[in-house]
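Asker: Have a look at this one.
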Amino acid sequence: MIRVQSVVPDSIGGELGLVPGTELLAVNGRALEDFLDWEFLTADERFLLVARLPGGAEIEYDIERPEGLPMGVTLEPPRIRRCANHCDFCFVDGNPAGLRTPLYIRDDDYRLSFRYGNFATLTNLKPWDVDRIIEYRLSPLYVSVHATDPTTRRWLLRNPEAPEIVPQLRWFAERGIAFHAQVVLVPGVNDGAQLERTLGDLYGIGPGVLSVSVVPVALTEFSKLHLVRALTREECRAALLAVDRMATRALAERGTPWCYGADDLYLQAREPLPGAAWYGDFEQRENGVGSVRFLQTRIAAALDRLPDMSGKRVGVVTGTAMGPLMPQVLDDLTAAARARFELVVVENTVFGPSVTTAGLLPAAAIERALAQRNDLDLALLPAEAVNDDLVFVDDVSADDLAARLPMPVRLSYDFVDVLGELGSGNAEVGTDDHGSAFRVPRSALERGRG
């Protein structure tokens, strides 16, 4: 059963009289389980909807829906399918107390994999889940493989009942379902020969596996450090060599590298990043693959839209991972906008210095870094650091943070989203009453997750 959270006025849903709290029961006689059923079963131009209004009245609607016209109905968030694995390296298990509540949810949900690109292990699929994936063609899915050797994978997942992943993926691929895969590299477990086998096995499945990312394990001060450790520089280099060998083969045989190391793997190995062309369409950029090069391509494509900000000083907040790489990105911005862009590298005070991504920076650490910066005309904060409600991991809202800082602040994914807005005349640097007018680029609201 699913419920309506909100209805757009003058939409189809509004004209029907649907209101928040309405239970959406069935479409064309088929019971609605979740948002997938709602989206797929209401895609036809005409259908029968059975709903129960908050007062208890059950009504059947004969709906004619012109192609492309939205229903105007937002559903209550779905019940998330929880993870039944117990990985030693699980980042959620390494969370300290005091964070926003959803960060303690260990999800392993193929629906969120299809909708948002969340990685799932596919270890908890029931027969009806498999049927829905095929029926609705939920493709591509994002899958945490980690290892293709069954024993190694079950050990990594701490799940002796995990199905063998290669036959599972091959079965889906034969039915038209494609995948992006990831390998979280745990030293001494799935690196070395195991990594070579994993890449070879996934490549052997064929074009159904669209890409594979190899990501170094991320640990916090609260992780199970007695059971798992970070990779050494030499181990990262060895992993990159394995990735490069497979990528070279894939490039020759399929015309694409197919297999990619995460930016952080290059950083820890102290090796230069590949050029932007290497990453193609940047399909795994939200997994930290090609993030820097993606930023550069976005800036290059928008140079003619950037305003002249001569004389302005702009602080760019980032985590310690991007600290060494960001100057090359800011050079492009400086040349185009003529502003002075100053990098503000912030160490994570919640998870510890080993967590270096900008997307997990707490508001408290950002505030500490900017509180005395009266010399800045504007500060750009990583939009990935807030969720859809604009709340940081330490449960501080962006508005509250902005009210405590001495300069206007903006959330930005790629700098162009904010600077382009300034160039269009929709905003001005230095004029915010940022206690109540904290501005967020539209893309932050549309793409933010967490």
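Chain lettering (A, B, ...) mirrors the order of the structure tokens, residue numbering begins at 1 for each chain separately, and ligand numbering begins at 1 in order of display.
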Skipping near chain neighbours, those fewer than 4 positions away, what residues fall within 9 Å of Tyr279 of chain A using only C-alpha atoms, listed as a PyMOL selection string?

Answerer: chain A and resi 256-258+260+274-275+283-285+289-290+293-294

Asker: List the spatial neighbours of Phe119 of chain A as a list in words - criterion: any atom at most 6 Å away, only C-alpha atoms, same-chain residues fewer than 6 positions off excluded.

Answerer: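 Near neighbours after the sequence-gap exclusion: Ser113, Tyr142, Val143 and Ser144 of chain A.
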
Asker: Kindly export the residues of the current selection with N, CA and C atoms, as a PDB file, in the first residue's frame.

Answerer:
ATOM      1  N   SER A 113      18.499   1.303  -6.327  1.00  0.00           N
ATOM      2  CA  SER A 113      19.590   1.148  -7.281  1.00  0.00           C
ATOM      3  C   SER A 113      19.164   1.636  -8.650  1.00  0.00           C
ATOM      4  N   TYR A 142      22.874  -0.887 -10.287  1.00  0.00           N
ATOM      5  CA  TYR A 142      24.232  -0.676  -9.767  1.00  0.00           C
ATOM      6  C   TYR A 142      24.485  -1.729  -8.693  1.00  0.00           C
ATOM      7  N   VAL A 143      25.510  -2.553  -8.902  1.00  0.00           N
ATOM      8  CA  VAL A 143      25.695  -3.746  -8.075  1.00  0.00           C
ATOM      9  C   VAL A 143      27.054  -3.737  -7.385  1.00  0.00           C
ATOM     10  N   SER A 144      27.033  -3.944  -6.076  1.00  0.00           N
ATOM     11  CA  SER A 144      28.262  -4.160  -5.309  1.00  0.00           C
ATOM     12  C   SER A 144      28.665  -5.624  -5.456  1.00  0.00           C
TER      13      SER A 144
END

Asker: Mind checking DSSP for segment 111-176 of chain A and telling me the strand (DSSP E or B) residues as a count of residues only?

Answerer: 5

Asker: Taking 3 positions as the minimum chain separation for residues in the same chain, which residues sit within 12 Å of Thr123 of chain A when counting only C-alpha atoms? Answer as a count of residues only.

Answerer: 32

Asker: Please return as a short mmCIF file (atom, residue, chain, number, x, y, z; two decimals) with C-alpha atoms, in the first residue's frame: the residues of segment 113-353 of chain A that backbone DSSP assigns to alpha helix (DSSP H).

Answerer:
data_model
loop_
_atom_site.label_atom_id
_atom_site.label_comp_id
_atom_site.auth_asym_id
_atom_site.auth_seq_id
_atom_site.Cartn_x
_atom_site.Cartn_y
_atom_site.Cartn_z
CA SER A 113 19.59 1.15 -7.28
CA PHE A 114 17.46 1.70 -10.37
CA ARG A 115 16.07 5.06 -9.30
CA TYR A 116 19.08 6.75 -7.71
CA PRO A 127 11.33 -14.50 -6.71
CA TRP A 128 8.79 -11.71 -7.10
CA ASP A 129 11.60 -9.13 -7.01
CA VAL A 130 13.28 -10.93 -9.88
CA ASP A 131 10.02 -10.96 -11.81
CA ARG A 132 9.54 -7.22 -11.30
CA ILE A 133 13.07 -6.41 -12.44
CA ILE A 134 12.40 -8.25 -15.67
CA GLU A 135 8.82 -7.04 -16.16
CA PRO A 150 31.79 -17.23 -4.09
CA THR A 151 33.78 -17.99 -0.94
CA THR A 152 35.57 -14.64 -0.94
CA ARG A 153 32.37 -12.70 -1.61
CA ARG A 154 30.46 -14.47 1.16
CA TRP A 155 33.33 -13.76 3.53
CA LEU A 156 33.37 -10.07 2.56
CA LEU A 157 29.61 -9.78 2.97
CA ILE A 165 27.05 -13.35 -8.36
CA VAL A 166 28.33 -14.36 -11.81
CA PRO A 167 25.44 -16.73 -12.66
CA GLN A 168 23.02 -14.19 -11.18
CA LEU A 169 24.31 -11.33 -13.33
CA ARG A 170 24.57 -13.51 -16.41
CA TRP A 171 20.94 -14.63 -16.01
CA PHE A 172 19.74 -11.05 -15.80
CA ALA A 173 21.97 -9.94 -18.67
CA GLU A 174 20.50 -12.63 -20.92
CA GLY A 192 45.76 -9.20 -6.04
CA ALA A 193 44.75 -12.41 -7.78
CA GLN A 194 41.17 -12.07 -6.54
CA LEU A 195 40.82 -8.67 -8.18
CA GLU A 196 42.22 -10.07 -11.44
CA ARG A 197 39.69 -12.90 -11.30
CA THR A 198 36.80 -10.56 -10.49
CA LEU A 199 37.55 -8.26 -13.40
CA GLY A 200 37.99 -11.19 -15.76
CA ASP A 201 34.76 -12.87 -14.65
CA LEU A 202 32.73 -9.68 -15.02
CA TYR A 203 34.23 -8.98 -18.42
CA GLY A 204 33.31 -12.50 -19.47
CA ILE A 205 29.62 -11.85 -18.80
CA ARG A 233 50.29 3.15 -1.45
CA GLU A 234 51.86 0.04 -2.98
CA GLU A 235 48.58 -1.88 -2.81
CA CYS A 236 46.76 0.96 -4.54
CA ARG A 237 49.37 1.01 -7.27
CA ALA A 238 49.09 -2.75 -7.75
CA ALA A 239 45.30 -2.42 -8.05
CA LEU A 240 45.68 0.34 -10.65
CA LEU A 241 47.99 -1.89 -12.67
CA ALA A 242 45.32 -4.62 -12.67
CA VAL A 243 42.68 -2.07 -13.68
CA ASP A 244 44.92 -0.74 -16.43
CA ARG A 245 45.56 -4.19 -17.86
CA MET A 246 41.87 -4.95 -18.08
CA ALA A 247 41.06 -1.47 -19.38
CA THR A 248 43.66 -1.83 -22.12
CA ARG A 249 42.10 -5.10 -23.21
CA ALA A 250 38.58 -3.69 -23.11
CA LEU A 251 39.64 -0.62 -25.07
CA ALA A 252 41.09 -2.80 -27.82
CA GLU A 253 38.15 -5.24 -27.94
CA ARG A 254 35.15 -3.05 -27.08
CA ASP A 263 39.85 9.11 -8.12
CA ASP A 264 40.73 8.25 -4.53
CA LEU A 265 42.59 5.15 -5.68
CA TYR A 266 44.83 7.35 -7.83
CA LEU A 267 45.25 9.80 -4.97
CA GLN A 268 46.29 7.12 -2.51
CA ALA A 269 48.64 5.64 -5.10
CA SER A 291 34.85 13.42 -10.54
CA VAL A 292 37.68 15.87 -11.11
CA ARG A 293 37.67 15.51 -14.87
CA PHE A 294 33.88 15.84 -14.90
CA LEU A 295 34.16 19.17 -13.08
CA GLN A 296 36.67 20.38 -15.62
CA THR A 297 34.48 19.42 -18.57
CA ARG A 298 31.47 21.14 -17.01
CA ILE A 299 33.46 24.33 -16.52
CA ALA A 300 34.92 24.22 -20.01
CA ALA A 301 31.45 23.83 -21.52
CA MET A 326 41.21 21.19 -6.99
CA PRO A 327 43.82 23.83 -7.97
CA GLN A 328 43.80 22.62 -11.57
CA VAL A 329 40.01 23.01 -11.58
CA LEU A 330 40.13 26.47 -10.05
CA ASP A 331 42.69 27.64 -12.61
CA ASP A 332 40.03 27.29 -15.30
CA LEU A 333 37.53 29.23 -13.20
CA THR A 334 40.00 31.99 -12.46
CA ALA A 335 40.79 32.52 -16.12
CA ALA A 336 37.11 32.62 -17.09
CA ALA A 337 35.54 34.62 -14.25
#
